[in-house]
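> Dropping in coords-v2.txt, with compact mmCIF, C-alpha atoms.
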```
# COMPACT_ATOMS: atom_id res chain seq x y z
CA MET F 1 27.97 -4.42 94.26
CA GLY F 2 28.18 -4.54 90.47
CA ILE F 3 25.42 -1.96 90.21
CA VAL F 4 27.25 0.44 92.48
CA ILE F 5 30.44 0.16 90.43
CA THR F 6 28.47 0.72 87.27
CA LEU F 7 26.87 3.83 88.72
CA ILE F 8 30.25 5.14 89.84
CA VAL F 9 31.74 4.56 86.40
CA LEU F 10 28.75 6.21 84.79
CA VAL F 11 29.04 9.25 87.02
CA LEU F 12 32.76 9.52 86.28
CA VAL F 13 32.11 9.28 82.54
CA ILE F 14 29.44 11.97 82.73
CA ALA F 15 31.74 14.22 84.79
CA TYR F 16 34.57 13.61 82.35
CA ILE F 17 32.40 14.54 79.41
CA CYS F 18 31.03 17.62 81.14
CA CYS F 19 34.55 18.82 81.88
CA GLY F 20 35.28 18.75 78.15
CA PHE F 21 32.78 21.44 77.18
CA ARG F 22 34.27 24.87 76.55
CA ILE F 23 32.92 28.23 75.37
CA VAL F 24 34.93 30.38 72.95
CA PRO F 25 33.76 34.04 73.30
CA GLN F 26 32.76 36.33 70.46
CA ASN F 27 35.71 37.84 68.47
CA ASN F 28 37.92 34.98 69.57
CA GLU F 29 39.28 31.81 68.01
CA GLY F 30 40.27 28.62 69.80
CA LEU F 31 43.44 26.67 69.07
CA VAL F 32 42.88 23.06 70.05
CA GLU F 33 45.98 21.11 71.10
CA THR F 34 46.03 17.34 71.48
CA LEU F 35 48.76 16.08 73.80
CA GLY F 36 50.55 19.43 73.35
CA LYS F 37 50.36 19.47 69.53
CA TYR F 38 48.20 21.78 67.45
CA SER F 39 45.15 19.94 66.23
CA LYS F 40 42.63 22.41 64.82
CA THR F 41 41.21 25.93 65.01
CA VAL F 42 37.64 26.43 66.21
CA LYS F 43 35.41 29.48 65.95
CA ALA F 44 33.51 31.26 68.69
CA GLY F 45 30.79 29.20 70.33
CA PHE F 46 30.27 25.93 72.24
CA VAL F 47 33.24 23.55 71.81
CA PHE F 48 34.07 20.08 73.14
CA VAL F 49 37.61 18.89 73.89
CA TRP F 50 38.78 15.73 75.54
CA PRO F 51 39.91 16.55 79.06
CA LEU F 52 43.47 15.56 80.00
CA PHE F 53 44.23 14.88 76.33
CA GLN F 54 43.25 18.18 74.74
CA ARG F 55 43.33 21.80 75.70
CA ILE F 56 42.10 24.96 74.00
CA ARG F 57 43.94 28.31 73.72
CA LYS F 58 41.77 31.39 73.13
CA VAL F 59 43.13 34.09 70.82
CA PRO F 60 41.33 37.50 70.67
CA LEU F 61 40.63 38.84 67.20
CA ALA F 62 39.24 42.25 68.17
CA LEU F 63 41.09 45.52 67.43
CA GLN F 64 43.54 46.26 70.22
CA PRO F 65 45.37 49.50 71.10
CA LEU F 66 49.03 49.58 72.05
CA GLU F 67 51.26 52.37 73.34
CA ILE F 68 54.98 52.29 72.65
CA SER F 69 56.88 54.10 75.40
CA LYS F 70 59.31 56.94 74.76
CA TYR F 71 62.72 56.20 73.31
CA SER F 72 65.53 58.23 71.72
CA ILE F 73 66.36 58.58 68.02
CA ILE F 74 69.32 60.38 66.38
CA THR F 75 68.52 62.52 63.33
CA LYS F 76 70.66 63.03 60.23
CA ASP F 77 72.30 66.13 61.74
CA ASN F 78 73.13 64.26 64.99
CA ALA F 79 70.33 65.81 67.04
CA GLU F 80 68.71 63.65 69.68
CA ILE F 81 64.93 63.55 69.84
CA THR F 82 62.54 61.52 71.98
CA THR F 83 59.46 59.95 70.44
CA SER F 84 56.44 57.92 71.51
CA LEU F 85 53.86 56.08 69.42
CA THR F 86 50.40 54.60 69.64
CA LEU F 87 48.98 52.01 67.27
CA ASN F 88 46.01 49.73 66.71
CA TYR F 89 46.39 46.16 65.54
CA LEU F 90 44.37 43.00 65.20
CA VAL F 91 45.16 39.30 64.83
CA THR F 92 44.50 38.03 61.32
CA ASP F 93 45.95 34.51 61.72
CA SER F 94 45.67 33.00 65.18
CA TYR F 95 47.97 30.06 64.31
CA ARG F 96 50.85 32.34 63.21
CA TYR F 97 50.20 34.72 66.06
CA PHE F 98 50.53 32.02 68.72
CA TYR F 99 52.93 29.44 67.26
CA ASN F 100 55.29 31.36 64.90
CA ASN F 101 56.67 33.63 67.60
CA THR F 102 57.09 33.46 71.33
CA ASP F 103 55.80 37.06 71.62
CA SER F 104 54.36 38.40 68.36
CA VAL F 105 53.35 41.74 69.88
CA GLU F 106 56.85 42.47 71.17
CA SER F 107 58.32 41.48 67.80
CA MET F 108 55.92 43.87 66.08
CA VAL F 109 56.94 46.69 68.46
CA GLN F 110 60.64 46.13 67.76
CA LEU F 111 59.97 46.11 64.03
CA ILE F 112 58.11 49.43 64.21
CA ARG F 113 60.83 51.01 66.34
CA GLY F 114 63.51 49.95 63.88
CA HIS F 115 61.65 51.38 60.89
CA LEU F 116 60.97 54.63 62.73
CA ARG F 117 64.68 55.00 63.53
CA ASP F 118 65.47 54.47 59.86
CA ILE F 119 62.91 57.04 58.67
CA ILE F 120 63.87 59.79 61.13
CA GLY F 121 67.58 58.97 60.78
CA ARG F 122 67.39 60.14 57.16
CA MET F 123 65.94 63.53 58.16
CA ASP F 124 67.46 66.55 59.82
CA LEU F 125 65.93 67.93 63.00
CA ASN F 126 63.76 70.66 61.47
CA ALA F 127 62.41 68.33 58.77
CA ALA F 128 61.56 65.64 61.32
CA LEU F 129 59.76 68.03 63.67
CA GLY F 130 57.63 69.39 60.83
CA SER F 131 56.84 66.11 59.04
CA THR F 132 54.82 64.06 61.50
CA LYS F 133 52.15 63.14 58.95
CA GLU F 134 54.75 62.05 56.38
CA ILE F 135 56.52 59.96 59.03
CA ASN F 136 53.23 58.25 59.96
CA ASP F 137 52.51 57.43 56.31
CA GLN F 138 55.98 56.02 55.67
CA LEU F 139 55.92 53.99 58.89
CA PHE F 140 52.50 52.52 58.13
CA THR F 141 53.59 51.57 54.60
CA ALA F 142 56.85 50.02 55.82
CA THR F 143 55.31 47.88 58.58
CA GLY F 144 52.00 46.96 56.97
CA ASP F 145 53.18 43.82 55.12
CA LEU F 146 56.09 42.82 57.36
CA THR F 147 53.90 42.12 60.39
CA ASP F 148 51.91 39.57 58.41
CA ILE F 149 54.47 36.91 59.35
CA TYR F 150 53.33 37.30 62.94
CA GLY F 151 49.65 36.94 62.00
CA ILE F 152 49.10 40.61 62.89
CA LYS F 153 47.79 43.53 60.86
CA VAL F 154 48.62 47.10 61.92
CA VAL F 155 45.51 49.19 61.24
CA ARG F 156 46.82 52.56 62.40
CA VAL F 157 50.12 53.91 63.67
CA ASN F 158 50.65 57.43 64.96
CA VAL F 159 53.71 59.31 66.21
CA ASP F 160 52.34 61.12 69.24
CA GLU F 161 55.27 63.43 69.89
CA LEU F 162 58.76 64.30 68.71
CA LEU F 163 60.69 66.18 71.39
CA PRO F 164 64.26 67.44 70.99
CA SER F 165 66.68 67.11 73.89
CA PRO F 166 66.53 69.81 76.62
CA GLU F 167 69.74 71.46 75.35
CA ILE F 168 68.40 71.70 71.80
CA GLN F 169 65.04 72.89 73.10
CA ARG F 170 66.68 75.75 75.00
CA ALA F 171 68.69 76.73 71.92
CA MET F 172 65.54 76.65 69.79
CA ASP F 173 63.70 78.80 72.34
CA LYS F 174 66.50 81.39 72.25
CA GLN F 175 66.48 81.42 68.46
CA LEU F 176 62.71 81.76 68.40
CA THR F 177 62.85 84.66 70.87
CA ALA F 178 65.52 86.39 68.78
CA ASP F 179 63.47 85.93 65.60
CA ARG F 180 60.39 87.35 67.28
CA GLU F 181 62.29 90.37 68.56
CA LYS F 182 63.77 90.94 65.10
CA THR F 183 60.35 90.69 63.48
CA ALA F 184 58.89 93.10 66.05
CA ALA F 185 61.73 95.61 65.45
CA ILE F 186 61.24 95.44 61.68
CA ALA F 187 57.49 95.90 62.04
CA LYS F 188 58.01 98.86 64.37
CA ALA F 189 60.47 100.48 61.94
CA GLU F 190 58.08 99.96 59.02
CA ALA F 191 55.22 101.46 61.02
CA ARG F 192 57.39 104.49 61.88
CA THR F 193 58.34 104.90 58.21
CA ILE F 194 54.71 104.74 57.15
CA GLU F 195 53.78 107.26 59.85
CA MET F 196 56.49 109.70 58.73
CA THR F 197 55.57 109.28 55.06
CA THR F 198 51.92 109.90 55.81
CA LYS F 199 52.74 112.99 57.88
CA ALA F 200 54.96 114.37 55.10
CA LYS F 201 52.18 113.83 52.53
CA ASN F 202 49.63 115.50 54.80
CA ASP F 203 51.97 118.45 55.42
CA ALA F 204 52.51 118.80 51.66
CA LEU F 205 48.76 118.74 51.04
CA VAL F 206 48.18 121.39 53.73
CA ALA F 207 50.96 123.60 52.31
CA THR F 208 49.55 123.24 48.79
CA ALA F 209 46.07 124.09 49.99
CA LYS F 210 47.37 127.18 51.83
CA ALA F 211 49.30 128.32 48.75
CA ASN F 212 46.23 127.88 46.53
CA ALA F 213 44.08 129.78 49.00
CA GLU F 214 46.63 132.60 49.15
CA ALA F 215 46.78 132.76 45.34
CA VAL F 216 42.98 132.89 45.10
CA LYS F 217 42.87 135.63 47.72
CA THR F 218 45.55 137.65 45.90
CA GLN F 219 43.72 137.30 42.59
CA ALA F 220 40.46 138.33 44.20
CA ASP F 221 42.13 141.37 45.76
CA ALA F 222 43.57 142.33 42.37
CA ASP F 223 40.20 141.97 40.64
CA ALA F 224 38.51 144.02 43.34
CA TYR F 225 41.20 146.71 43.06
CA ARG F 226 40.78 146.84 39.27
CA VAL F 227 36.99 147.11 39.49
CA GLN F 228 37.27 149.79 42.15
CA LYS F 229 39.65 151.81 39.98
CA MET F 230 37.35 151.50 36.99
CA GLN F 231 34.39 152.63 39.06
CA ASP F 232 36.36 155.58 40.38
CA ALA F 233 37.45 156.53 36.86
CA LEU F 234 33.89 156.27 35.51
CA ALA F 235 32.62 158.35 38.40
CA LYS F 236 35.04 161.15 37.47
CA ALA F 237 34.39 160.95 33.70
CA GLY F 238 32.35 163.80 32.09
CA GLU F 239 29.38 163.75 29.73
CA GLY F 240 31.66 164.00 26.73
CA TYR F 241 33.35 160.71 27.50
CA PHE F 242 30.07 158.79 27.44
CA ARG F 243 28.95 160.56 24.26
CA ASN F 244 32.19 159.58 22.52
CA GLN F 245 31.70 155.99 23.69
CA SER F 246 28.17 156.01 22.24
CA LEU F 247 29.41 157.40 18.91
CA ASP F 248 32.10 154.75 18.69
CA SER F 249 29.49 152.06 19.33
CA PHE F 250 27.20 153.50 16.65
CA ASN F 251 30.04 153.57 14.16
CA GLN F 252 30.88 149.93 14.81
CA LEU F 253 27.24 148.93 14.35
CA ALA F 254 26.94 150.95 11.16
CA GLN F 255 29.92 149.18 9.65
CA GLY F 256 28.24 145.78 10.13
CA PRO F 257 26.53 143.80 7.29
CA ASN F 258 23.00 144.24 8.72
CA ASN F 259 20.47 146.85 7.54
CA LEU F 260 20.42 148.44 10.97
CA ILE F 261 19.92 152.11 11.90
CA VAL F 262 20.71 153.23 15.39
CA VAL F 263 19.15 156.44 16.68
CA GLY F 264 18.98 158.05 20.06
CA LYS F 265 15.90 157.99 22.20
CA ASP F 266 15.20 161.59 21.41
CA GLU F 267 15.03 160.90 17.66
CA MET F 268 12.67 157.90 17.94
CA THR F 269 9.71 160.11 16.92
CA ASP F 270 11.38 160.90 13.60
CA LEU F 271 11.98 157.24 12.76
CA GLY F 272 9.38 157.35 9.97
CA LYS F 273 11.35 159.95 8.10
CA VAL F 274 14.35 157.69 7.66
CA PRO F 275 14.56 156.46 4.06
CA ALA F 276 14.66 152.67 3.59
CA LEU F 277 16.85 150.89 1.10
CA LYS F 278 16.00 147.57 -0.42
CA LYS F 279 18.64 145.28 -1.73
CA VAL F 280 17.77 143.79 -5.09
CA TRP F 281 19.70 141.00 -6.73
CA ASP F 282 19.68 140.86 -10.50
CA GLU F 283 19.92 137.75 -12.57
CA SER F 284 23.66 138.12 -12.95
CA GLY F 285 24.07 137.93 -9.22
CA SER F 286 25.06 141.58 -8.74
CA GLN F 287 23.41 143.72 -6.09
CA ASP F 288 21.42 146.97 -6.64
CA ASP F 289 19.84 149.27 -4.12
CA ALA F 290 16.31 150.58 -4.65
CA GLU F 291 14.08 152.78 -2.61
```
Would you encode the structure as structure tokens?

Amino acid sequence: MGIVITLIVLVLVIAYICCGFRIVPQNNEGLVETLGKYSKTVKAGFVFVWPLFQRIRKVPLALQPLEISKYSIITKDNAEITTSLTLNYLVTDSYRYFYNNTDSVESMVQLIRGHLRDIIGRMDLNAALGSTKEINDQLFTATGDLTDIYGIKVVRVNVDELLPSPEIQRAMDKQLTADREKTAAIAKAEARTIEMTTKAKNDALVATAKANAEAVKTQADADAYRVQKMQDALAKAGEGYFRNQSLDSFNQLAQGPNNLIVVGKDEMTDLGKVPALKKVWDESGSQDDAE
């Protein structure tokens, strides 16, 4: 009988011990509680706790994504816009994350929402819609250190969209349409002006070219008329006219500084009979003629 009781007790002890073995997965930490009070923090791996007296709470340390649903914000110029965010965070202190707050993630979300309201509330609508990157940077800087009290680190935060209210959106669409129509009208008017200016310049160039061509033609006609008249006059001139022209030419040549004698073709055979004069310069620099 005693042996049976011993075996039963031994089996119960072995079962009790086996029930105390736990496995903490990779990228997790275990918070060991003894009789409901924090005892220690254990790393990932094979862990033993005393059943009924101790329990272990697993806290994930891996990077986790979170989406913050849409909510409304009022800008500096009293315009209502709707925004939504996404962020990535990780647990840096499992003790703070689990024991310092009943819901650290929800506290972090409320903190980020409050800072985003403050940032956009100091901007007007146009500045907010065009400054998403600046808003992300300011929000990340503002919430980076404050979430440390929750044992959480925000790695990235991003404003996914900023949407004005439907009434403002319709007004913006009308303004955008009006601006586009105005820009199109101005572009059309400028194109028409350029077209008219180009046509005027081309017309001026054509007119100038026609005037130049007409002037050249008139000058050519005048030159042709003058040549024709001269030819007609020469055709009617007698032998005496040409002889007088030859004599005038001979006289002009004879008055030149060169020792030149001009004779007609009929007198070329008597060229040897023409006396020659030689210019002699004396020592005083005066000039004498000698045969």
> Would you mind telling me which residue in F:Met230, F:Val42, F:Leu139, F:Ala207 lies nearest to Pro25 in chain F when using all atoms listed in the file?
F:Val42
> At what distance in Å, to one decimal, does CA of Asp93 in chain F lie from CA of Trp50 in chain F?
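Distance between the two atoms: 24.4 Å.
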> Could you tell me which of F:Ile149, F:Ala142, F:Ile68, F:Leu85 comes closest to Asn100 in chain F if we count all atoms listed in the file?
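Looking only at the distances to Asn100 in chain F, the closest residue turns out to be F:Ile149.
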> For Ile119 in chain F, work out the shell of residues within 12 Å, counting all atoms listed in the file and skipping chain neighbours fewer than 6 positions away, then give it as a ChimeraX atom specification.
/F:73-76,112-113,127-128,131-132,134-143
> Could you tell me, as a PyMOL selection string, which residues have any atom at most 12 Å from (58.7, 44.2, 64.0), counting all atoms listed in the file?
chain F and resi 101+103-116+139-140+142-154
> CA of Ile23 in chain F and CA of Ala62 in chain F, how far apart in Å?
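Result for CA of Ala62 in chain F versus CA of Ile23 in chain F: 17.0 Å, one decimal.
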> Rounded to one decimal, what separation in Å do you get between CA of Val157 in chain F and CA of Thr86 in chain F?
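Between these atoms lies a distance of 6.0 Å.
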> For Phe48 in chain F, find every residue with an atom within 6 Å (counting all atoms listed in the file), except residues of its own chain fewer than 3 positions away, and show them as a CSV table (one decimal) with C-alpha atoms, in the coordinates of the input.

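Final file, selection.csv:
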```csv
chain,number,residue,atom,x,y,z
F,20,GLY,CA,35.3,18.8,78.2
F,21,PHE,CA,32.8,21.4,77.2
F,22,ARG,CA,34.3,24.9,76.6
```
> Tell me which of F:Leu66, F:Val9, F:Cys19, F:Ala209 sits closest to Gln54 in chain F, counting all atoms listed in the file.
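Smallest distance to Gln54 in chain F is found for F:Cys19.
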